[in-house]
Amino acid sequence: MENSALSTQYPALLSIVIPNWNGAKFLPTCLDALGRQTYPNIEVIIADNASVDVSQALLRSQYPQVKLVQLTKNEGFTGACNAGIRAAAGDYIALLNNDTEVDEGWAAAVVEAFERHPEIGIVASKMLLFDKRDHIHTAGDYFTVDGRAGNRGVWQQDTGQFDQEEYVFSACGGSSVYRKTLLDRIGLLDDDFFFSLEDIDLAWRAQLTGWRCLYTPKAIVYHHLSATGGGVTASYYDGRNLIFVLVKNYPAALWRKYGGKVLQSQLKLALEALRAWRGAAARARLRGMWAGLWQLPRMWRKRGQIQKMRTVPVDILESMLWPPQ
C-alpha cells in the first residue's frame with residue numbers, strides 16, 4: 001500500500017499494525033479503507049494471533065501487499081501489537097482494530113498532527129460507531145483522580161462538540177498512533193495486560209515522561225464496538241488491569257491525596273459486581289480484581305522502574321486528570 005512514486009513527497013512513513021484473531025469477516029472493510037488513503041506513504045502489518053478461520057488465506061490471496069506476522073498462539077491484543085510494532089519501519093506507528101473502517105483522510109490527519117506538534121507522542125482519533133455514524137465511541141480517553149478510565153463523549157450524538165484539537169490523557173488502543181521515538185523511550189505495550197487498558201498504561205508512561213497526547217477530530221474512524229471482544233473476557237481484564245494501571249503508574253503524591261477515593265472507587269466496583277453476582281460478566285470482574293490483587297508484587301516491581309522515569313511535576317500530572325465521573 002505504499003506508492004513509491006509519491007512517497008518522496010511524504011517522507012514520514014506511517015506503519016499501521018492490525019492485531020487479528022479470527023477476524024476474516026472484518027478484514028476486507030478495514031484493509032480496503034486503508035487502500036483508499038490520501039496519504040500514500042504507509043505500510044500495513046497484520047499480526048495474526050494463530051487464527052483458525054480463513055484470515056491468513058484471505059490475506060495471501062487478496063492482500064499480498066500486506067505484511068503478515070504470524071504468531072504461533074494467541075498472544076492477546078498486547079502480544080500481537082508488540083509483534084507488529086517490532087516488524088514496523090515507520091516514523092509513526094498506528095494500532096488499529098480489525099473491526100474498523102478509517103476515513104480516507106485519516107492517515108494524513110494523524111501524520112500532519114505529529115508534524116505540527118513536536119511535543120506529542122500520541123495521537124487520538126475521533127472514533128464513531130460503525131452502524132450509527134453520527135454517534136461517538138471516543139474523542140480521546142480520560143483518567144480520573146479516583147482511578148477510573150473512560151471514553152470522552154461515549155454514546156453522544158456527534159454535533160460538533162468535539163471538533164477542536166486538544167490535549168487528552170490517552171488514545172483508545174483501537175486507533176491509537178505513536179511516535180516511534182516515544183516507544184523507544186518508554187517501551188511497548190505491557191504483555192502482562194494481554195487485553196484491555198494497555199493503552200491507558202502506555203499513556204501513563206508517556207505522560208510521566210513529558211510526552212503529550214493530542215486528539216485530532218480530522219482523523220475519523222468507524223468502529224464495530226466490541227465486535228471482536230467484550231462480555232466476560234472484557235470484564236475480567238477490566239477488573240484486573242485497572243489495578244495494574246494504578247499500582248504501576250499512579251504517583252505516590254497522588255496516592256497520598258486521592259488514595260481514599262481510589263479505594264472507594266474500587267470498593268464500589270466490587271460491590272456493584274457482587275450485587276449482580278448472577279451475571280457472568282459481574283463474576284468475571286470480581287475474578288479479575290482478585291487476580292489483580294494477587295499479582296500486586298509483580299506490578300510493584302515494575303512501579304519502581306516507571307516512577308524513576310518520571311520527569312513531569314505531580315501538579316502538572318494532576319491537572320490532566322478528570323474529577324470522579
# chains A, B, ... in the order shown; residues from 1 in each chain; ligands from 1
>>> residues_around(residues="A:Leu202", least_positions_apart="5", cutoff="12 Å", atoms="only C-alpha atoms", output="ChimeraX atom specification")
/A:78,121-122,169-173,176-178,182-183,185-191,193,196-197,207-209,211-213,244-245,248-249,306
>>> residues_around(residues="A:Leu263", least_positions_apart="3", cutoff="12 Å", atoms="only C-alpha atoms", output="PyMOL selection string")
chain A and resi 145-148+242-243+246-247+255-260+266-270
>>> closest_residue(among="A:Pro251, A:Pro324, A:Pro40, A:Gly210", to="A:Val111", atoms="only C-alpha atoms")
A:Pro40
>>> atom_distance(atom1="atom CA of A:Ser15", atom2="atom CA of A:Ala57")
22.1 Å
>>> select_by_dssp(residues="stretch 114-266 of chain A", states="helix (DSSP H, G or I)", output="PyMOL selection string")
chain A and resi 114-116+180-186+198-208+231-249+252-266
>>> closest_residue(among="A:Asp238, A:Glu43, A:Asp158, A:Asp103", to="A:Ile85", atoms="only C-alpha atoms")
A:Glu43
>>> select_by_dssp(residues="stretch 115-298 of chain A", states="strand (DSSP E)", output="number ranges by chain")
A: 120-129, 136-138, 141-143, 149-151, 166-168, 175-179, 212-223
>>> write_last_selection(atoms="C-alpha atoms", output="PDB file, in the first residue's frame")
ATOM      1  CA  ILE A 120       3.162  14.997  21.253  1.00  0.00           C
ATOM      2  CA  GLY A 121       3.945  11.315  21.356  1.00  0.00           C
ATOM      3  CA  ILE A 122       0.396  10.033  20.827  1.00  0.00           C
ATOM      4  CA  VAL A 123      -2.467  10.985  18.519  1.00  0.00           C
ATOM      5  CA  ALA A 124      -6.075  10.100  19.321  1.00  0.00           C
ATOM      6  CA  SER A 125      -8.690   9.836  16.573  1.00  0.00           C
ATOM      7  CA  LYS A 126     -12.372  10.633  16.593  1.00  0.00           C
ATOM      8  CA  MET A 127     -13.940   7.168  16.789  1.00  0.00           C
ATOM      9  CA  LEU A 128     -17.572   6.889  15.743  1.00  0.00           C
ATOM     10  CA  LEU A 129     -19.901   3.903  15.891  1.00  0.00           C
ATOM     11  CA  ILE A 136     -19.343   8.839  19.277  1.00  0.00           C
ATOM     12  CA  HIS A 137     -17.353   5.937  20.652  1.00  0.00           C
ATOM     13  CA  THR A 138     -14.497   8.118  21.897  1.00  0.00           C
ATOM     14  CA  ASP A 141      -9.718   8.890  26.617  1.00  0.00           C
ATOM     15  CA  TYR A 142      -9.556  10.332  30.127  1.00  0.00           C
ATOM     16  CA  PHE A 143      -8.369   9.179  33.541  1.00  0.00           C
ATOM     17  CA  ALA A 149     -10.536   5.346  32.748  1.00  0.00           C
ATOM     18  CA  GLY A 150     -13.186   6.317  30.229  1.00  0.00           C
ATOM     19  CA  ASN A 151     -14.038   7.474  26.710  1.00  0.00           C
ATOM     20  CA  GLU A 166      -6.999  19.421  22.227  1.00  0.00           C
ATOM     21  CA  TYR A 167      -4.785  17.528  24.588  1.00  0.00           C
ATOM     22  CA  VAL A 168      -6.310  14.418  26.152  1.00  0.00           C
ATOM     23  CA  SER A 175      -6.995   3.558  16.753  1.00  0.00           C
ATOM     24  CA  SER A 176      -4.011   4.937  18.640  1.00  0.00           C
ATOM     25  CA  VAL A 177      -0.934   6.314  16.866  1.00  0.00           C
ATOM     26  CA  TYR A 178       2.507   6.627  18.471  1.00  0.00           C
ATOM     27  CA  ARG A 179       5.705   8.399  17.611  1.00  0.00           C
ATOM     28  CA  ARG A 212       1.522  14.711  25.365  1.00  0.00           C
ATOM     29  CA  CYS A 213      -1.449  13.086  23.636  1.00  0.00           C
ATOM     30  CA  LEU A 214      -3.335  15.150  21.061  1.00  0.00           C
ATOM     31  CA  TYR A 215      -6.889  14.467  19.945  1.00  0.00           C
ATOM     32  CA  THR A 216      -7.460  15.495  16.330  1.00  0.00           C
ATOM     33  CA  PRO A 217     -11.051  15.424  15.014  1.00  0.00           C
ATOM     34  CA  LYS A 218      -9.982  15.166  11.374  1.00  0.00           C
ATOM     35  CA  ALA A 219      -8.757  11.595  11.988  1.00  0.00           C
ATOM     36  CA  ILE A 220     -12.062   9.736  11.759  1.00  0.00           C
ATOM     37  CA  VAL A 221     -12.502   6.023  12.449  1.00  0.00           C
ATOM     38  CA  TYR A 222     -15.708   3.978  12.411  1.00  0.00           C
ATOM     39  CA  HIS A 223     -15.716   1.091  14.873  1.00  0.00           C
TER      40      HIS A 223
END
>>> residues_around(residues="A:Pro28", least_positions_apart="4", cutoff="9 Å", atoms="only C-alpha atoms", output="ChimeraX atom specification")
/A:24,32-33,58,62-63
>>> write_last_selection(atoms="N, CA and C atoms", output="short mmCIF file (atom, residue, chain, number, x, y, z; two decimals), in the first residue's frame")
data_model
loop_
_atom_site.label_atom_id
_atom_site.label_comp_id
_atom_site.auth_asym_id
_atom_site.auth_seq_id
_atom_site.Cartn_x
_atom_site.Cartn_y
_atom_site.Cartn_z
N ALA A 24 -11.63 -12.62 9.95
CA ALA A 24 -11.67 -12.57 8.48
C ALA A 24 -12.86 -11.76 7.96
N ASP A 32 -9.53 -2.40 2.82
CA ASP A 32 -9.92 -1.62 1.64
C ASP A 32 -9.94 -0.12 1.97
N ALA A 33 -10.35 0.22 3.18
CA ALA A 33 -10.33 1.62 3.59
C ALA A 33 -8.91 2.15 3.66
N LEU A 58 -7.06 -15.47 3.25
CA LEU A 58 -7.62 -14.27 2.66
C LEU A 58 -6.52 -13.24 2.38
N GLN A 62 -5.80 -12.12 -1.44
CA GLN A 62 -6.41 -10.86 -1.85
C GLN A 62 -5.62 -9.61 -1.43
N TYR A 63 -4.73 -9.75 -0.46
CA TYR A 63 -3.98 -8.59 0.04
C TYR A 63 -2.50 -8.94 0.16
#
>>> closest_residue(among="A:Ile42, A:Ala108, A:Leu71, A:Val232", to="A:Ile93", atoms="only C-alpha atoms")
A:Ile42
>>> closest_residue(among="A:Asp199, A:Asp192, A:Glu165, A:Glu272", to="A:Arg116", atoms="only C-alpha atoms")
A:Glu165
>>> atom_distance(atom1="atom CA of A:Leu68", atom2="atom CA of A:Asp53")
15.1 Å
>>> atom_distance(atom1="atom CA of A:Arg86", atom2="atom CA of A:Arg60")
21.0 Å
>>> closest_residue(among="A:Arg133, A:Trp294, A:Arg240, A:Pro313", to="A:Thr159", atoms="only C-alpha atoms")
A:Arg133
